[in-house]
Amino acid sequence: MKIKTVTLLHPGNMGATIGASVNGARVLWVSEGRSEGTRQRAGKSGLLEAATLAEAVGDSDAVLSVCPPHAAEDVAQSVAALGFAGLYVDANAVSRATAQRVGEAVQEGGAAFVDGAIIGPPVTKPKRTRLYLSGAGAEVVAGLFSGSMLDARVIEGGLGAASALKMTYAAWTKGSDALILAIRALAAREGVEEALLAEWSKSQPNLPGKSERAASVAAPKGWRYVGEMEEIAASFEAAGLPAGFHQAAADLYSRLAPFKDRGDPGPEVKEVLDALLAL
C-alpha cells in the first residue's frame with residue numbers, strides 16, 4: 001500500500017513533531033475549530049492546511065490520531081462517519097480495550113486499523129522518541145518514518161499491543177511522579193518534609209531530585225495526564241489487578257490544572273505541594 005497523503009489529528013506539541021517526521025508523503029492538518037497556536041505549530045512543522053475534516057479525509061490514504069486520551073474515540077467516530085476507507089492509526093495513550101473500540105469504530109466505517117503508542121518527548125532529536133505499532137498494516141506505517149528522527153517499531157501481539165505497552169510504561173513513569181509528589185505533600189502537611197528529604201539523601205539519594213523534576217516538568221503537563229491515568233487504571237482493572245493507585249493519580253494530576261503549560265522554569269515544589277493540599 002502506497003501512502004501519498006496523511007491527515008494528522010491534531011498538531012499539538014507532540015503531534016506536530018510526529019507529522020513533521022513523516023517521509024515520502026504530504027501531511028494535512030484540519031484548521032476548522034483549531035487555535036492560532038495550533039496553526040503556528042502546523043506551519044512550523046511543514047503541514048498543509050485543510051479547511052475541514054471531510055476535505056482532509058477525502059484527500060488522504062491514512063489518518064494519524066494524536067490527541068488527548070479522552071478524545072480518542074470521538075475522533076475515530078468522526079472519521080468513520082465520513083466513510084474513510086484508508087489506514088487509521090491511533091497513537092494515543094489509551095488502554096487495550098479503548099484501542100479495540102477505536103479499531104471497531106473505524107473498521108465499521110471501512111478503514112483498516114493500526115494501533116500505536118508514543119513513548120518519549122516531542123521529536124527534536126534522533127531516536128529519542130519511539131512510535132510502537134501493532135496489527136496488520138503496522139509495517140506500512142513504520143515505513144512512513146524511515147530515515148526520520150522518529151524511531152518507529154513494530155511489535156507483536158496484535159491490535160492493542162502497542163497501547164498495552166504504553167499503559168505499562170506510563171504506569172511507572174507518570175504514576176511514580178504522582179506518587180512522589182503526593183508523598184512530599186503528605187510530609188509537608190505532617191511537618192516532616194525536611195526530615196524526609198534528609199533521610200532520602202542518605203538512603204534513597206535519587207528521590208529528592210526526582211521530586212524536584214516531577215514538580216517542574218510533570219506538574220505543567222498534569223492536566224493532560226488525567227485521562228491517561230484513568231486509562232491505566234482501567235487496564236489494571238481489566239487484568240484483575242487493583243486500579244486504585246492510578247485512579248488516585250488521576251485525582252492528583254487534576255489538582256495541578258493551575259500549572260497548565262507553565263513555561264520554563266516550571267513551578268517550584270512548594271507551589272505544587274500547596275496546590276495538592278488546597279482541596
# chains A, B, ... in the order shown; residues from 1 in each chain; ligands from 1
call {"tool": "residues_around", "arguments": {"residues": "Ala161 of chain A", "least_positions_apart": "6", "cutoff": "9 Å", "atoms": "only C-alpha atoms", "output": "list in words"}}
result
Arg96, Asp115, Gly116, Tyr132, Leu133, Ser134, Gly135 and Ile155 of chain A
call {"tool": "select_by_dssp", "arguments": {"residues": "segment 60-183 of chain A", "states": "strand (DSSP E or B)", "output": "ChimeraX atom specification"}}
result
/A:62-65,87-90,112-119,130-134,151-154
call {"tool": "closest_atom_pairs", "arguments": {"of": "segment 81-109 of chain A", "to": "segment 213-233 of chain A", "cutoff": "7 Å", "atoms": "only C-alpha atoms", "output": "CSV"}}
result
residue,atom,partner,partner_atom,distance
A:Ala93,CA,A:Glu228,CA,5.9
A:Val94,CA,A:Glu231,CA,5.5
A:Ser95,CA,A:Glu231,CA,5.3
call {"tool": "closest_atom_pairs", "arguments": {"of": "segment 102-211 of chain A", "to": "segment 254-274 of chain A", "cutoff": "10 Å", "atoms": "only C-alpha atoms", "output": "JSON lines"}}
result
{"residue": "A:Leu181", "atom": "CA", "partner": "A:Leu273", "partner_atom": "CA", "distance": 7.1}
{"residue": "A:Ala182", "atom": "CA", "partner": "A:Leu273", "partner_atom": "CA", "distance": 7.8}
{"residue": "A:Ile183", "atom": "CA", "partner": "A:Leu273", "partner_atom": "CA", "distance": 9.5}
{"residue": "A:Arg184", "atom": "CA", "partner": "A:Leu273", "partner_atom": "CA", "distance": 7.2}
{"residue": "A:Ala185", "atom": "CA", "partner": "A:Leu273", "partner_atom": "CA", "distance": 5.0}
{"residue": "A:Leu186", "atom": "CA", "partner": "A:Leu273", "partner_atom": "CA", "distance": 8.7}
{"residue": "A:Ala187", "atom": "CA", "partner": "A:Leu273", "partner_atom": "CA", "distance": 9.8}
{"residue": "A:Ala188", "atom": "CA", "partner": "A:Leu273", "partner_atom": "CA", "distance": 7.7}
{"residue": "A:Arg189", "atom": "CA", "partner": "A:Leu273", "partner_atom": "CA", "distance": 9.1}
{"residue": "A:Ser211", "atom": "CA", "partner": "A:Val269", "partner_atom": "CA", "distance": 7.8}
call {"tool": "residues_around", "arguments": {"residues": "Val63 of chain A", "least_positions_apart": "3", "cutoff": "7 Å", "atoms": "only C-alpha atoms", "output": "CSV table (one decimal) with N, CA and C atoms, in the first residue's frame"}}
result
chain,number,residue,atom,x,y,z
A,6,VAL,N,-1.3,12.0,4.3
A,6,VAL,CA,-1.7,11.6,5.6
A,6,VAL,C,-2.4,12.8,6.2
A,7,THR,N,-3.5,12.6,7.0
A,7,THR,CA,-4.1,13.6,7.8
A,7,THR,C,-3.7,13.4,9.2
A,8,LEU,N,-3.1,14.4,9.9
A,8,LEU,CA,-2.7,14.4,11.3
A,8,LEU,C,-3.8,15.1,12.1
A,87,LEU,N,-6.1,3.8,5.9
A,87,LEU,CA,-5.4,3.3,7.1
A,87,LEU,C,-5.6,4.3,8.2
A,88,TYR,N,-6.1,3.8,9.3
A,88,TYR,CA,-6.3,4.7,10.5
A,88,TYR,C,-5.4,4.2,11.6
A,89,VAL,N,-4.5,5.2,12.1
A,89,VAL,CA,-3.6,4.9,13.1
A,89,VAL,C,-3.9,5.7,14.4
call {"tool": "residues_around", "arguments": {"residues": "Ile118 of chain A", "least_positions_apart": "4", "cutoff": "10 Å", "atoms": "only C-alpha atoms", "output": "PyMOL selection string"}}
result
chain A and resi 14-15+18+66+91-93+122+129-133+150-152+162-163+165-166
call {"tool": "write_last_selection", "arguments": {"atoms": "C-alpha atoms", "output": "PDB file, in the first residue's frame"}}
result
ATOM      1  CA  MET A  14       3.706  16.093  20.269  1.00  0.00           C
ATOM      2  CA  GLY A  15       1.535  15.613  17.185  1.00  0.00           C
ATOM      3  CA  ILE A  18       5.177  13.373  14.601  1.00  0.00           C
ATOM      4  CA  VAL A  66      -2.533  12.059  18.192  1.00  0.00           C
ATOM      5  CA  ALA A  91      -1.298   6.695  18.554  1.00  0.00           C
ATOM      6  CA  ASN A  92      -2.961   7.815  21.764  1.00  0.00           C
ATOM      7  CA  ALA A  93      -2.328   6.877  25.393  1.00  0.00           C
ATOM      8  CA  PRO A 122       8.289  15.544  21.154  1.00  0.00           C
ATOM      9  CA  THR A 129      11.142   9.207  20.651  1.00  0.00           C
ATOM     10  CA  ARG A 130       9.611   5.861  19.718  1.00  0.00           C
ATOM     11  CA  LEU A 131       6.360   5.077  17.949  1.00  0.00           C
ATOM     12  CA  TYR A 132       5.333   1.491  18.673  1.00  0.00           C
ATOM     13  CA  LEU A 133       2.916  -0.072  16.195  1.00  0.00           C
ATOM     14  CA  LEU A 150      11.308   9.210  14.971  1.00  0.00           C
ATOM     15  CA  ASP A 151      12.081   5.581  15.805  1.00  0.00           C
ATOM     16  CA  ALA A 152       9.054   3.596  14.556  1.00  0.00           C
ATOM     17  CA  ALA A 162       1.120  -1.084  21.363  1.00  0.00           C
ATOM     18  CA  SER A 163      -1.436   0.566  23.634  1.00  0.00           C
ATOM     19  CA  LEU A 165       2.877  -1.303  26.181  1.00  0.00           C
ATOM     20  CA  LYS A 166       2.164   2.412  26.629  1.00  0.00           C
TER      21      LYS A 166
END
call {"tool": "residues_around", "arguments": {"residues": "Ala112 of chain A", "least_positions_apart": "5", "cutoff": "12 Å", "atoms": "only C-alpha atoms", "output": "PyMOL selection string"}}
result
chain A and resi 1+61-63+76+80+83-90+102-107+135-138+140-141+159
call {"tool": "write_last_selection", "arguments": {"atoms": "C-alpha atoms", "output": "CSV table (one decimal), in the first residue's frame"}}
result
chain,number,residue,atom,x,y,z
A,1,MET,CA,0.0,0.0,0.0
A,61,ASP,CA,-4.7,7.5,2.3
A,62,ALA,CA,-4.0,7.4,6.1
A,63,VAL,CA,-5.2,9.2,9.2
A,76,ALA,CA,-12.2,7.9,15.5
A,80,ALA,CA,-15.6,6.7,10.5
A,83,GLY,CA,-16.7,6.7,5.3
A,84,PHE,CA,-12.9,6.8,5.4
A,85,ALA,CA,-11.6,3.6,3.9
A,86,GLY,CA,-7.8,4.1,4.2
A,87,LEU,CA,-5.4,3.3,7.1
A,88,TYR,CA,-6.3,4.7,10.5
A,89,VAL,CA,-3.6,4.9,13.1
A,90,ASP,CA,-4.5,5.6,16.7
A,102,VAL,CA,-11.4,2.7,18.3
A,103,GLY,CA,-10.5,-0.1,15.9
A,104,GLU,CA,-14.0,-1.4,15.7
A,105,ALA,CA,-15.4,2.1,15.0
A,106,VAL,CA,-13.1,2.9,12.1
A,107,GLN,CA,-13.3,-0.7,10.7
A,135,GLY,CA,-1.6,-5.0,14.0
A,136,ALA,CA,-1.9,-5.6,10.2
A,137,GLY,CA,-0.5,-2.6,8.4
A,138,ALA,CA,2.0,-1.7,11.1
A,140,VAL,CA,3.4,0.2,6.2
A,141,VAL,CA,3.0,2.9,8.9
A,159,LEU,CA,-4.3,-5.0,17.9
call {"tool": "select_by_dssp", "arguments": {"residues": "segment 220-263 of chain A", "states": "helix (DSSP H, G or I)", "output": "VMD selection string"}}
result
chain A and resid 220 to 238 244 to 254 257 to 259
call {"tool": "closest_residue", "arguments": {"among": "A:Met167, A:Ser203, A:Gly110, A:Trp29", "to": "Pro69 of chain A", "atoms": "only C-alpha atoms"}}
result
A:Met167
